[in-house]
$ cat protein.cif   # mmCIF, C-alpha atoms
data_query
loop_
_atom_site.label_atom_id
_atom_site.label_comp_id
_atom_site.auth_asym_id
_atom_site.auth_seq_id
_atom_site.Cartn_x
_atom_site.Cartn_y
_atom_site.Cartn_z
CA MET A 1 -65.57 -14.25 3.72
CA ARG A 2 -62.91 -11.60 4.12
CA ARG A 3 -63.94 -8.53 6.08
CA ILE A 4 -63.25 -5.15 4.46
CA LEU A 5 -63.36 -2.32 6.98
CA VAL A 6 -63.84 1.21 5.61
CA ILE A 7 -63.00 4.02 8.05
CA GLY A 8 -65.07 7.05 7.08
CA GLY A 9 -68.21 7.44 5.00
CA GLY A 10 -67.27 10.63 3.17
CA TYR A 11 -66.63 10.93 -0.56
CA ALA A 12 -63.94 8.31 -0.93
CA GLY A 13 -65.41 5.94 1.67
CA PHE A 14 -68.96 6.15 0.34
CA TYR A 15 -67.91 5.56 -3.27
CA THR A 16 -65.62 2.70 -2.27
CA ALA A 17 -68.42 0.89 -0.43
CA TRP A 18 -71.03 1.79 -3.07
CA LYS A 19 -68.95 0.41 -5.93
CA LEU A 20 -67.87 -2.64 -3.94
CA GLU A 21 -71.52 -3.62 -3.57
CA LYS A 22 -71.85 -3.59 -7.36
CA LYS A 23 -68.61 -5.47 -8.07
CA LEU A 24 -68.31 -8.09 -5.31
CA ARG A 25 -69.89 -11.47 -5.83
CA ARG A 26 -72.36 -12.49 -3.17
CA GLY A 27 -70.43 -14.05 -0.28
CA GLU A 28 -67.06 -12.88 -1.62
CA ALA A 29 -66.44 -10.29 1.12
CA GLU A 30 -68.19 -8.46 3.95
CA VAL A 31 -68.01 -4.64 3.88
CA ILE A 32 -68.26 -2.51 7.05
CA VAL A 33 -68.28 1.30 7.14
CA VAL A 34 -67.55 3.12 10.41
CA ASP A 35 -68.57 6.78 10.60
CA PRO A 36 -70.12 8.96 13.32
CA ARG A 37 -72.47 10.56 10.78
CA PRO A 38 -75.18 8.52 9.02
CA TYR A 39 -74.63 10.33 5.73
CA MET A 40 -72.06 11.47 3.20
CA THR A 41 -71.88 15.26 2.84
CA TYR A 42 -71.75 16.54 -0.73
CA GLN A 43 -69.46 19.44 0.15
CA PRO A 44 -69.67 21.40 -3.15
CA PHE A 45 -73.28 22.16 -2.20
CA LEU A 46 -72.40 23.68 1.20
CA PRO A 47 -71.94 27.24 -0.14
CA GLU A 48 -75.42 27.02 -1.64
CA VAL A 49 -76.78 25.61 1.61
CA VAL A 50 -75.31 28.73 3.22
CA SER A 51 -77.22 30.96 0.80
CA GLY A 52 -80.43 28.93 0.88
CA SER A 53 -80.18 27.80 -2.75
CA VAL A 54 -79.96 24.14 -1.72
CA GLU A 55 -81.97 22.50 1.06
CA ALA A 56 -79.64 21.20 3.78
CA ARG A 57 -80.87 17.60 3.68
CA HIS A 58 -80.33 17.48 -0.08
CA ALA A 59 -76.58 17.99 0.44
CA ALA A 60 -76.49 14.82 2.57
CA VAL A 61 -76.58 11.33 1.05
CA SER A 62 -77.87 8.66 3.44
CA LEU A 63 -75.49 5.74 3.96
CA ARG A 64 -78.18 3.25 4.97
CA ARG A 65 -80.52 4.16 2.12
CA ASN A 66 -77.85 3.61 -0.53
CA LEU A 67 -75.52 0.97 0.94
CA HIS A 68 -77.86 -2.02 1.06
CA ARG A 69 -75.32 -4.82 1.62
CA THR A 70 -72.88 -2.87 3.77
CA LYS A 71 -72.90 -2.94 7.56
CA ILE A 72 -72.95 0.59 8.97
CA VAL A 73 -71.34 1.11 12.39
CA PRO A 74 -72.21 4.52 13.91
CA GLY A 75 -69.11 5.66 15.73
CA ALA A 76 -65.57 6.96 15.37
CA VAL A 77 -62.36 4.93 15.05
CA THR A 78 -59.96 6.16 17.72
CA SER A 79 -56.96 3.92 17.01
CA ILE A 80 -55.66 1.55 14.34
CA GLU A 81 -53.41 -1.44 15.01
CA HIS A 82 -52.86 -2.83 11.56
CA ALA A 83 -50.28 -5.31 12.81
CA ALA A 84 -53.11 -6.93 14.80
CA ARG A 85 -55.71 -6.22 12.08
CA SER A 86 -57.94 -4.39 14.54
CA VAL A 87 -59.29 -0.92 15.34
CA THR A 88 -60.85 0.63 18.42
CA VAL A 89 -64.29 2.14 17.88
CA HIS A 90 -65.90 4.81 20.05
CA PRO A 91 -69.64 4.25 19.44
CA MET A 92 -72.48 6.76 19.65
CA SER A 93 -73.34 5.24 23.02
CA GLY A 94 -71.82 2.60 25.24
CA PRO A 95 -68.20 1.59 25.86
CA ASP A 96 -65.44 1.46 23.24
CA PHE A 97 -64.97 -1.87 21.50
CA THR A 98 -62.49 -3.59 19.20
CA LEU A 99 -63.38 -4.39 15.61
CA GLU A 100 -61.26 -6.87 13.66
CA TYR A 101 -60.81 -6.93 9.91
CA ASP A 102 -58.92 -8.60 7.06
CA VAL A 103 -58.58 -5.60 4.72
CA LEU A 104 -58.43 -1.97 5.84
CA VAL A 105 -59.56 1.08 3.84
CA VAL A 106 -58.68 4.46 5.37
CA THR A 107 -60.91 7.24 4.05
CA ALA A 108 -61.29 9.24 7.26
CA GLY A 109 -61.13 12.59 5.49
CA ALA A 110 -59.58 15.69 6.98
CA VAL A 111 -60.49 18.25 9.61
CA THR A 112 -60.41 22.04 9.44
CA ARG A 113 -56.87 23.33 9.91
CA THR A 114 -56.72 25.79 12.78
CA PHE A 115 -53.92 27.85 14.26
CA ASP A 116 -53.35 29.11 17.77
CA VAL A 117 -55.23 32.38 17.20
CA PRO A 118 -56.78 33.81 20.39
CA GLY A 119 -60.57 33.71 20.31
CA VAL A 120 -60.98 31.59 17.17
CA ALA A 121 -61.97 28.41 19.01
CA GLN A 122 -64.62 30.35 20.96
CA GLN A 123 -65.96 32.68 18.24
CA ALA A 124 -65.48 31.07 14.81
CA ILE A 125 -67.36 28.35 12.95
CA GLY A 126 -66.13 26.03 10.21
CA MET A 127 -67.79 25.11 6.91
CA LYS A 128 -67.08 21.42 6.36
CA HIS A 129 -70.42 19.97 7.46
CA VAL A 130 -74.10 20.54 6.72
CA GLU A 131 -74.77 21.59 10.31
CA GLU A 132 -72.19 24.36 10.04
CA ALA A 133 -73.56 25.65 6.72
CA VAL A 134 -77.08 25.80 8.15
CA ALA A 135 -75.84 27.59 11.28
CA ILE A 136 -73.99 30.20 9.19
CA ARG A 137 -77.13 30.97 7.20
CA ASP A 138 -79.36 31.13 10.28
CA ARG A 139 -76.90 33.40 12.10
CA LEU A 140 -76.96 35.87 9.20
CA LEU A 141 -80.76 35.85 9.03
CA THR A 142 -81.05 36.26 12.80
CA ALA A 143 -78.52 39.11 12.70
CA PHE A 144 -80.66 40.92 10.12
CA ASP A 145 -83.77 40.55 12.28
CA GLU A 146 -81.96 41.91 15.34
CA ALA A 147 -80.17 44.70 13.48
CA ALA A 148 -83.43 45.95 11.95
CA GLY A 149 -84.71 46.74 15.45
CA LEU A 150 -81.64 48.75 16.45
CA GLU A 151 -80.59 52.32 15.82
CA PRO A 152 -77.35 52.85 13.85
CA GLY A 153 -74.40 52.20 16.15
CA PRO A 154 -71.69 49.73 17.22
CA ARG A 155 -74.08 46.85 18.00
CA ARG A 156 -75.85 47.04 14.63
CA ARG A 157 -72.54 47.42 12.81
CA ARG A 158 -71.15 44.32 14.55
CA LEU A 159 -74.25 42.26 13.69
CA LEU A 160 -73.88 43.03 10.00
CA THR A 161 -70.10 42.48 9.82
CA ILE A 162 -69.13 39.05 8.45
CA THR A 163 -65.57 37.70 8.29
CA PHE A 164 -64.27 34.71 6.32
CA VAL A 165 -60.71 33.48 6.94
CA GLY A 166 -59.26 31.48 4.04
CA GLY A 167 -59.33 32.23 0.32
CA GLY A 168 -59.50 28.71 -1.07
CA PHE A 169 -62.47 27.42 -3.05
CA SER A 170 -64.54 26.61 0.03
CA GLY A 171 -63.95 30.01 1.61
CA VAL A 172 -64.46 32.09 -1.54
CA GLU A 173 -67.60 30.21 -2.60
CA GLY A 174 -69.12 30.44 0.89
CA PHE A 175 -68.16 34.11 1.17
CA ALA A 176 -69.59 35.02 -2.24
CA GLU A 177 -72.83 33.09 -1.68
CA LEU A 178 -73.39 34.66 1.74
CA LEU A 179 -72.66 38.10 0.28
CA SER A 180 -75.22 37.40 -2.44
CA LEU A 181 -77.81 36.39 0.15
CA ALA A 182 -77.12 39.42 2.37
CA THR A 183 -77.38 41.83 -0.57
CA ALA A 184 -80.72 40.29 -1.58
CA LEU A 185 -82.01 40.43 2.02
CA VAL A 186 -81.61 44.20 2.32
CA LYS A 187 -84.70 44.88 0.18
CA PHE A 188 -86.85 43.06 2.76
CA TYR A 189 -85.54 45.31 5.56
CA PRO A 190 -86.41 48.98 4.92
CA GLU A 191 -84.57 49.87 8.14
CA LEU A 192 -81.28 48.75 6.59
CA SER A 193 -79.26 49.65 3.50
CA PRO A 194 -76.40 47.98 1.57
CA SER A 195 -73.96 50.39 3.21
CA ASP A 196 -74.73 48.78 6.58
CA LEU A 197 -73.12 45.51 5.40
CA ALA A 198 -69.43 44.81 5.94
CA PHE A 199 -67.93 41.64 4.41
CA HIS A 200 -64.23 40.82 4.99
CA LEU A 201 -62.30 38.01 3.29
CA VAL A 202 -58.88 37.34 4.87
CA GLU A 203 -56.21 35.38 2.97
CA ALA A 204 -52.63 34.80 4.15
CA THR A 205 -51.14 34.60 0.62
CA ASP A 206 -51.10 37.13 -2.21
CA ARG A 207 -54.02 35.52 -4.10
CA ILE A 208 -57.29 33.65 -3.71
CA LEU A 209 -58.50 30.50 -5.48
CA PRO A 210 -55.07 28.81 -5.81
CA GLU A 211 -56.36 26.30 -8.38
CA VAL A 212 -57.03 29.03 -10.96
CA SER A 213 -54.37 31.20 -12.58
CA ASP A 214 -53.42 34.69 -11.38
CA GLY A 215 -55.53 36.66 -13.86
CA PRO A 216 -58.90 35.00 -13.15
CA GLY A 217 -58.13 35.04 -9.42
CA GLN A 218 -57.56 38.80 -9.49
CA ARG A 219 -60.74 39.18 -11.53
CA VAL A 220 -62.70 37.48 -8.75
CA VAL A 221 -61.15 39.82 -6.17
CA SER A 222 -62.21 42.83 -8.24
CA MET A 223 -65.71 41.45 -8.64
CA LEU A 224 -66.10 40.89 -4.90
CA GLU A 225 -64.83 44.39 -4.14
CA LYS A 226 -67.29 45.92 -6.62
CA ARG A 227 -70.07 44.14 -4.71
CA GLY A 228 -68.96 45.89 -1.51
CA ALA A 229 -66.65 43.29 0.03
CA GLU A 230 -63.17 43.96 1.36
CA VAL A 231 -60.48 41.40 0.47
CA HIS A 232 -57.37 41.37 2.70
CA LEU A 233 -54.49 39.62 0.86
CA ASN A 234 -51.12 38.80 2.48
CA THR A 235 -52.98 39.15 5.78
CA THR A 236 -53.54 36.88 8.76
CA MET A 237 -55.89 37.05 11.71
CA LYS A 238 -54.05 37.90 14.91
CA SER A 239 -56.99 37.71 17.31
CA ALA A 240 -60.75 37.23 17.44
CA GLU A 241 -61.31 37.49 21.19
CA ASP A 242 -64.90 38.43 22.07
CA GLY A 243 -65.60 38.96 18.36
CA ARG A 244 -63.01 41.75 18.02
CA VAL A 245 -61.09 40.88 14.85
CA VAL A 246 -57.49 42.09 14.66
CA LEU A 247 -55.62 41.58 11.39
CA SER A 248 -51.90 41.65 10.65
CA ASP A 249 -52.34 44.64 8.33
CA GLY A 250 -53.49 46.75 11.31
CA THR A 251 -57.20 46.56 10.55
CA SER A 252 -59.54 45.85 13.47
CA PHE A 253 -63.31 45.63 13.75
CA ASP A 254 -66.10 43.82 15.61
CA SER A 255 -67.64 40.88 13.75
CA GLU A 256 -70.67 38.85 14.83
CA LEU A 257 -70.01 36.01 12.39
CA ILE A 258 -66.50 34.61 11.80
CA VAL A 259 -66.19 31.66 9.40
CA TRP A 260 -62.90 29.73 9.39
CA THR A 261 -62.04 28.00 6.09
CA ALA A 262 -58.23 28.12 6.22
CA GLY A 263 -57.52 24.70 4.70
CA ASN A 264 -57.46 21.09 5.91
CA ALA A 265 -55.36 19.08 8.35
CA ALA A 266 -54.99 15.39 9.06
CA THR A 267 -57.09 13.93 11.86
CA GLN A 268 -55.65 13.07 15.26
CA LEU A 269 -56.28 9.40 14.43
CA LEU A 270 -53.79 9.42 11.56
CA ARG A 271 -51.27 11.70 13.23
CA ASN A 272 -51.05 10.01 16.62
CA HIS A 273 -53.06 6.79 16.88
CA THR A 274 -51.99 4.40 14.16
CA ASP A 275 -49.07 2.19 13.18
CA LEU A 276 -49.57 3.02 9.49
CA PRO A 277 -46.89 5.09 7.71
CA HIS A 278 -47.71 8.75 7.20
CA THR A 279 -46.12 11.95 5.94
CA GLU A 280 -44.86 14.90 8.00
CA ARG A 281 -48.29 16.52 7.56
CA GLY A 282 -49.94 13.45 9.09
CA LEU A 283 -51.44 12.13 5.84
CA VAL A 284 -51.33 8.40 5.15
CA GLN A 285 -48.47 7.55 2.78
CA VAL A 286 -50.02 5.95 -0.30
CA CYS A 287 -48.70 4.30 -3.46
CA ALA A 288 -50.01 5.31 -6.87
CA ASP A 289 -52.35 2.29 -6.86
CA LEU A 290 -53.82 3.45 -3.51
CA ARG A 291 -52.12 0.82 -1.36
CA ILE A 292 -50.73 2.28 1.85
CA GLY A 293 -46.93 2.47 1.97
CA THR A 294 -44.38 3.07 -0.76
CA GLU A 295 -43.84 1.41 -4.13
CA ASP A 296 -40.88 -0.51 -2.67
CA ASN A 297 -42.60 -1.37 0.61
CA PRO A 298 -46.41 -1.47 0.39
CA VAL A 299 -48.38 -2.42 3.50
CA GLN A 300 -50.29 -5.63 2.98
CA ASP A 301 -54.12 -5.41 3.07
CA ALA A 302 -54.18 -1.66 3.70
CA TRP A 303 -55.53 0.99 1.32
CA ALA A 304 -56.35 4.69 1.51
CA ALA A 305 -57.86 7.50 -0.57
CA GLY A 306 -59.35 10.96 -0.27
CA ASP A 307 -58.30 13.98 1.76
CA ASP A 308 -56.39 11.94 4.36
CA ALA A 309 -54.14 10.23 1.80
CA ALA A 310 -50.95 11.51 0.17
CA VAL A 311 -51.58 10.05 -3.30
CA PRO A 312 -48.83 10.60 -5.90
CA ASP A 313 -50.07 12.79 -8.75
CA LEU A 314 -48.89 10.96 -11.86
CA ALA A 315 -50.54 13.57 -14.11
CA SER A 316 -48.48 16.40 -12.64
CA GLU A 317 -45.25 17.65 -14.21
CA THR A 318 -43.90 18.46 -10.73
CA PRO A 319 -41.80 15.61 -9.28
CA GLY A 320 -43.11 14.33 -5.96
CA ALA A 321 -46.46 16.14 -6.28
CA TYR A 322 -49.58 14.77 -4.58
CA THR A 323 -53.13 14.93 -5.86
CA VAL A 324 -55.16 17.95 -4.77
CA PRO A 325 -57.54 17.10 -1.88
CA ASN A 326 -60.81 17.93 -3.61
CA ALA A 327 -64.09 16.23 -4.48
CA GLN A 328 -63.04 15.47 -8.05
CA ASN A 329 -60.09 13.35 -6.87
CA ALA A 330 -61.85 11.79 -3.86
CA VAL A 331 -64.72 10.45 -5.98
CA ARG A 332 -62.46 9.00 -8.65
CA GLN A 333 -60.06 7.53 -6.09
CA GLY A 334 -62.98 5.88 -4.29
CA LYS A 335 -64.17 4.28 -7.52
CA LEU A 336 -60.68 3.04 -8.43
CA LEU A 337 -60.07 1.81 -4.89
CA ALA A 338 -63.17 -0.41 -5.12
CA LYS A 339 -61.93 -1.82 -8.44
CA ASN A 340 -58.44 -2.42 -7.05
CA LEU A 341 -59.81 -4.15 -3.96
CA VAL A 342 -61.77 -6.56 -6.14
CA ARG A 343 -58.75 -7.11 -8.38
CA SER A 344 -56.60 -7.83 -5.33
CA LEU A 345 -59.15 -10.26 -3.85
CA ARG A 346 -59.15 -12.15 -7.14
CA GLY A 347 -55.35 -12.28 -7.45
CA ARG A 348 -54.92 -9.54 -10.04
CA GLU A 349 -52.64 -6.49 -9.96
CA PRO A 350 -54.19 -3.15 -8.97
CA LYS A 351 -54.17 -0.20 -11.37
CA LYS A 352 -52.51 3.15 -10.68
CA TYR A 353 -54.50 6.32 -10.15
CA VAL A 354 -53.99 8.82 -12.95
CA HIS A 355 -56.41 11.68 -13.37
CA HIS A 356 -56.08 14.72 -15.59
CA SER A 357 -58.09 17.62 -14.23
CA LEU A 358 -61.37 18.44 -15.95
CA GLY A 359 -60.93 22.06 -14.93
CA VAL A 360 -62.25 23.96 -11.93
CA VAL A 361 -65.60 25.63 -11.49
CA ALA A 362 -66.93 27.74 -8.63
CA THR A 363 -70.13 29.57 -7.73
CA LEU A 364 -69.72 33.22 -6.74
CA GLY A 365 -73.28 34.02 -5.83
CA LEU A 366 -76.61 33.82 -7.64
CA GLY A 367 -75.98 34.10 -11.39
CA ARG A 368 -72.19 34.46 -11.00
CA GLY A 369 -69.42 31.91 -11.35
CA ILE A 370 -65.98 31.12 -12.74
CA PHE A 371 -64.71 28.17 -14.77
CA GLN A 372 -61.17 27.49 -15.94
CA TYR A 373 -59.74 24.65 -18.00
CA LYS A 374 -56.10 25.29 -18.87
CA ARG A 375 -56.21 28.68 -20.65
CA ILE A 376 -59.96 28.71 -21.18
CA VAL A 377 -61.65 30.99 -18.64
CA ILE A 378 -65.40 31.60 -18.44
CA THR A 379 -67.03 33.92 -15.92
CA GLY A 380 -70.50 35.19 -15.13
CA LEU A 381 -73.85 33.52 -15.79
CA LEU A 382 -72.55 30.82 -18.14
CA ALA A 383 -69.93 29.67 -15.61
CA TRP A 384 -72.61 29.65 -12.89
CA LEU A 385 -74.86 27.48 -15.07
CA MET A 386 -71.92 25.16 -15.76
CA HIS A 387 -71.33 24.88 -11.99
CA ARG A 388 -74.93 23.92 -11.36
CA GLY A 389 -75.08 21.54 -14.31
CA TYR A 390 -71.88 19.76 -13.31
CA HIS A 391 -72.83 19.29 -9.67
CA VAL A 392 -76.42 18.20 -10.22
CA LEU A 393 -74.95 15.45 -12.42
CA ALA A 394 -72.10 14.69 -10.01
CA VAL A 395 -74.10 14.39 -6.78
CA PRO A 396 -74.71 10.65 -6.20
CA THR A 397 -78.16 9.04 -6.52
CA TRP A 398 -81.09 10.17 -8.65
CA ASP A 399 -83.00 10.95 -5.48
CA ARG A 400 -80.63 13.83 -4.68
CA LYS A 401 -80.34 15.00 -8.30
CA VAL A 402 -84.10 15.38 -8.65
CA ARG A 403 -84.59 17.05 -5.27
CA VAL A 404 -81.82 19.61 -5.84
CA PHE A 405 -83.00 20.40 -9.36
CA ALA A 406 -86.57 20.86 -8.12
CA ILE A 407 -85.40 23.39 -5.50
CA TRP A 408 -83.51 25.34 -8.16
CA VAL A 409 -86.55 25.43 -10.46
CA ALA A 410 -88.80 26.64 -7.62
CA ALA A 411 -86.27 29.37 -6.78
CA LEU A 412 -86.50 30.71 -10.34
CA PHE A 413 -90.14 31.63 -9.69
CA TYR A 414 -90.22 32.36 -5.95
CA GLY A 415 -86.65 33.26 -4.99
CA ARG A 416 -84.67 31.90 -2.04
CA ASP A 417 -86.32 31.11 1.28
CA ILE A 418 -85.29 33.69 3.89
CA VAL A 419 -86.74 32.10 7.03
CA SER A 420 -84.30 31.54 9.88
CA LEU A 421 -84.66 28.31 11.82
CA ALA A 422 -82.00 29.13 14.40
CA SER A 423 -84.45 28.13 17.12
CA VAL A 424 -84.13 24.47 16.10
CA GLN A 425 -80.77 24.52 17.88
CA ARG A 426 -82.77 24.99 21.10
CA PRO A 427 -85.83 22.82 20.42
CA ARG A 428 -87.06 22.62 24.04
CA GLU A 429 -86.81 26.33 24.84
CA ALA A 430 -90.45 27.21 24.02
CA PHE A 431 -91.77 24.15 25.84
CA SER A 432 -89.57 24.74 28.89
CA THR A 433 -90.66 28.37 29.04
CA ALA A 434 -94.31 27.37 28.84
CA ALA A 435 -93.84 24.68 31.48
CA GLY A 436 -92.18 27.21 33.77
CA VAL A 437 -95.01 29.69 33.31
CA GLU A 438 -97.61 27.03 34.05
CA LYS A 439 -95.76 26.06 37.24
CA VAL A 440 -95.64 29.67 38.43
CA ASN A 441 -99.33 30.17 37.68
CA SER A 442 -100.33 27.01 39.54
CA VAL A 443 -98.44 28.14 42.62
CA SER A 444 -99.70 31.72 42.62
CA THR A 445 -103.37 31.00 41.94
CA PRO A 446 -105.47 30.78 45.15
CA GLY A 447 -107.14 27.41 45.76
#
$ encode --input "protein.cif" --output "structure tokens"
Amino acid sequence: MRRILVIGGGYAGFYTAWKLEKKLRRGEAEVIVVDPRPYMTYQPFLPEVVSGSVEARHAAVSLRRNLHRTKIVPGAVTSIEHAARSVTVHPMSGPDFTLEYDVLVVTAGAVTRTFDVPGVAQQAIGMKHVEEAVAIRDRLLTAFDEAAGLEPGPRRRRLLTITFVGGGFSGVEGFAELLSLATALVKFYPELSPSDLAFHLVEATDRILPEVSDGPGQRVVSMLEKRGAEVHLNTTMKSAEDGRVVLSDGTSFDSELIVWTAGNAATQLLRNHTDLPHTERGLVQVCADLRIGTEDNPVQDAWAAGDDAAVPDLASETPGAYTVPNAQNAVRQGKLLAKNLVRSLRGREPKKYVHHSLGVVATLGLGRGIFQYKRIVITGLLAWLMHRGYHVLAVPTWDRKVRVFAIWVAALFYGRDIVSLASVQRPREAFSTAAGVEKVNSVSTPG
């Protein structure tokens, strides 16, 4: 059997392995997936995890539960030597080891793009993983609890000031959902009022939501501003040291929660630790049929897809354009990659990836959304329902579809859950405190 090694269990990696299991004959090839996380994150649900509309575990699809004939290796690939057909794996525990393969599939995804902004590494949090989305929600809920016990002043104002950096889909959806949650929370806190909230969205360009046209994008800005948010366009963050946000437009304020969603960057693995060809941005250079390399010089037995791959966009009218790194492309590339791998194993030519966009849809808070397909633009409740309908169908496995839909139905009658579980990040604190008290009491009590 040939060994197919898949680096990364995200969208493209999960769908590649999942479809390979359905298409490979028994004994035709062995499939191995290497990923430090035991699940695939369904990222379009993260904004709703932030607002409590989706349970965190329901945005994660278990690799082991769904990949029955694939070997899962928990760890991270730290280097690729394709000339030797081997990779170095840093496991969850124990020493690094070498893993050999016959066919390589690179679907390592991307990391959050950061800049050298003072204080960001210490104060900000990303929104690419379930853990981050849960932490953002819990921080907001904890801030409300603390602010309700304070008199009006700088500390309370800082607690209720939230800053998002990055006006792409991830940033705008997360920002709008958190704003929706915060606005709904106020009615449970008689000590607070909507005027106590301060939401800032910072975007370096002159518009948000780059995948929609100018008019709908401006409409979203106006809608956010009417809900009390402040949108800073053509603005960058200069500093966030000690939570003091300083913007390039001269604005400055204290912010307890800073969320960084300013785009994606290639991983260190692909930029510095591989002999595979890559672009100036560090993305793997990929042919239209998802083989690594160029049309004139493809790399044998090496394939890539997803956010870490520069895939030519054959549906675009712009020469030299690459496909947009989003879920829609990653899923479809993963499915095609599995088909092409099987075709290649059986001596047939792979097919090229061509995908015409189905449009874009985004949630902008409970009951609000935007959808655009070419010149057709829909906003409001209908767009929000379209967003939910599309993603409950798109999330893989019936298990996740049913669980997510059940949560949404329950929320119609009972609303969103507003309990903070921030303490789970320090699970031994209560026990340690109790153990310390017991030790003090045993020493101080006379015998």
$ atom_distance --input "protein.cif" --atom1 "CA of Thr142 in chain A" --atom2 "CA of Met223 in chain A"
26.9 Å
$ resolve_selection --input "protein.cif" --expression "the PyMOL selection byres ((chain A and resi 364-366) around 9)" --output "list of chain:residue names"
A:Pro47, A:Glu48, A:Ser51, A:Ser53, A:Val172, A:Glu173, A:Gly174, A:Phe175, A:Ala176, A:Glu177, A:Leu178, A:Leu179, A:Ser180, A:Leu181, A:Val220, A:Leu224, A:Ala362, A:Thr363, A:Gly367, A:Arg368, A:Gly369, A:Ile370, A:Gly380, A:Leu381, A:Trp384
$ closest_residue --input "protein.cif" --among "A:Val402, A:Pro154, A:Pro216, A:His58" --to "Tyr373 in chain A" --atoms "all atoms listed in the file"
A:Pro216
$ atom_distance --input "protein.cif" --atom1 "CA of Thr236 in chain A" --atom2 "CA of Gly250 in chain A"
10.2 Å
$ residues_around --input "protein.cif" --residues "range 81-94 of chain A" --least-positions-apart "2" --cutoff "9 Å" --atoms "only C-alpha atoms" --output "ChimeraX atom specification"
/A:34,36,73-79,96-104,273-276,301-302
$ closest_residue --input "protein.cif" --among "A:Glu225, A:Glu146, A:Glu203, A:Asp254" --to "Met237 in chain A" --atoms "all atoms listed in the file"
A:Glu203
$ closest_residue --input "protein.cif" --among "A:Leu20, A:Ala266, A:Ala56, A:Val221" --to "Glu132 in chain A" --atoms "all atoms listed in the file"
A:Ala56
$ atom_distance --input "protein.cif" --atom1 "CA of Gly306 in chain A" --atom2 "CA of Phe115 in chain A"
22.9 Å
$ resolve_selection --input "protein.cif" --expression "the PyMOL selection byres ((chain A and resi 28) around 10)" --output "PyMOL selection string"
chain A and resi 1-3+23-27+29-31+342+345-346
$ residues_around --input "protein.cif" --residues "Pro396 in chain A" --least-positions-apart "2" --cutoff "12 Å" --atoms "only C-alpha atoms" --output "MDAnalysis selection string"
chainID A and resid 10:11 14:15 18:19 39:42 58:63 66 331 390:394 398:404
$ closest_residue --input "protein.cif" --among "A:Leu314, A:Val360, A:Ala309, A:Ala304" --to "Thr279 in chain A" --atoms "all atoms listed in the file"
A:Ala309
$ closest_residue --input "protein.cif" --among "A:Ala262, A:Val299, A:Val284, A:Ala338" --to "Val6 in chain A" --atoms "all atoms listed in the file"
A:Ala338
$ resolve_selection --input "protein.cif" --expression "the PyMOL selection byres ((chain A and resi 242) around 12)" --output "number ranges by chain"
A: 118-124, 158, 239-241, 243-246, 253-258
$ build_atoms --input "protein.cif" --residues "range 286-297 of chain A" --atoms "N, CA and C atoms" --output "compact mmCIF listing (two decimals), keeping the file's coordinate frame"
# COMPACT_ATOMS: atom_id res chain seq x y z
N VAL A 286 -49.31 6.84 0.61
CA VAL A 286 -50.02 5.95 -0.30
C VAL A 286 -49.25 5.77 -1.60
N CYS A 287 -49.28 4.57 -2.15
CA CYS A 287 -48.70 4.30 -3.46
C CYS A 287 -49.65 4.82 -4.54
N ALA A 288 -49.19 4.82 -5.77
CA ALA A 288 -50.01 5.31 -6.87
C ALA A 288 -51.24 4.44 -7.11
N ASP A 289 -51.19 3.17 -6.68
CA ASP A 289 -52.35 2.29 -6.86
C ASP A 289 -53.26 2.29 -5.63
N LEU A 290 -53.01 3.21 -4.71
CA LEU A 290 -53.82 3.45 -3.51
C LEU A 290 -53.56 2.46 -2.38
N ARG A 291 -52.55 1.62 -2.51
CA ARG A 291 -52.12 0.82 -1.36
C ARG A 291 -51.34 1.72 -0.42
N ILE A 292 -51.50 1.51 0.87
CA ILE A 292 -50.73 2.28 1.85
C ILE A 292 -49.28 1.81 1.84
N GLY A 293 -48.35 2.78 1.99
CA GLY A 293 -46.93 2.47 1.97
C GLY A 293 -46.25 3.12 0.79
N THR A 294 -45.14 2.57 0.39
CA THR A 294 -44.38 3.07 -0.76
C THR A 294 -44.34 1.99 -1.83
N GLU A 295 -43.91 2.38 -3.03
CA GLU A 295 -43.84 1.41 -4.13
C GLU A 295 -42.91 0.24 -3.77
N ASP A 296 -41.84 0.53 -3.04
CA ASP A 296 -40.88 -0.51 -2.67
C ASP A 296 -41.33 -1.31 -1.45
N ASN A 297 -42.20 -0.70 -0.63
CA ASN A 297 -42.60 -1.37 0.61
C ASN A 297 -44.08 -1.11 0.92
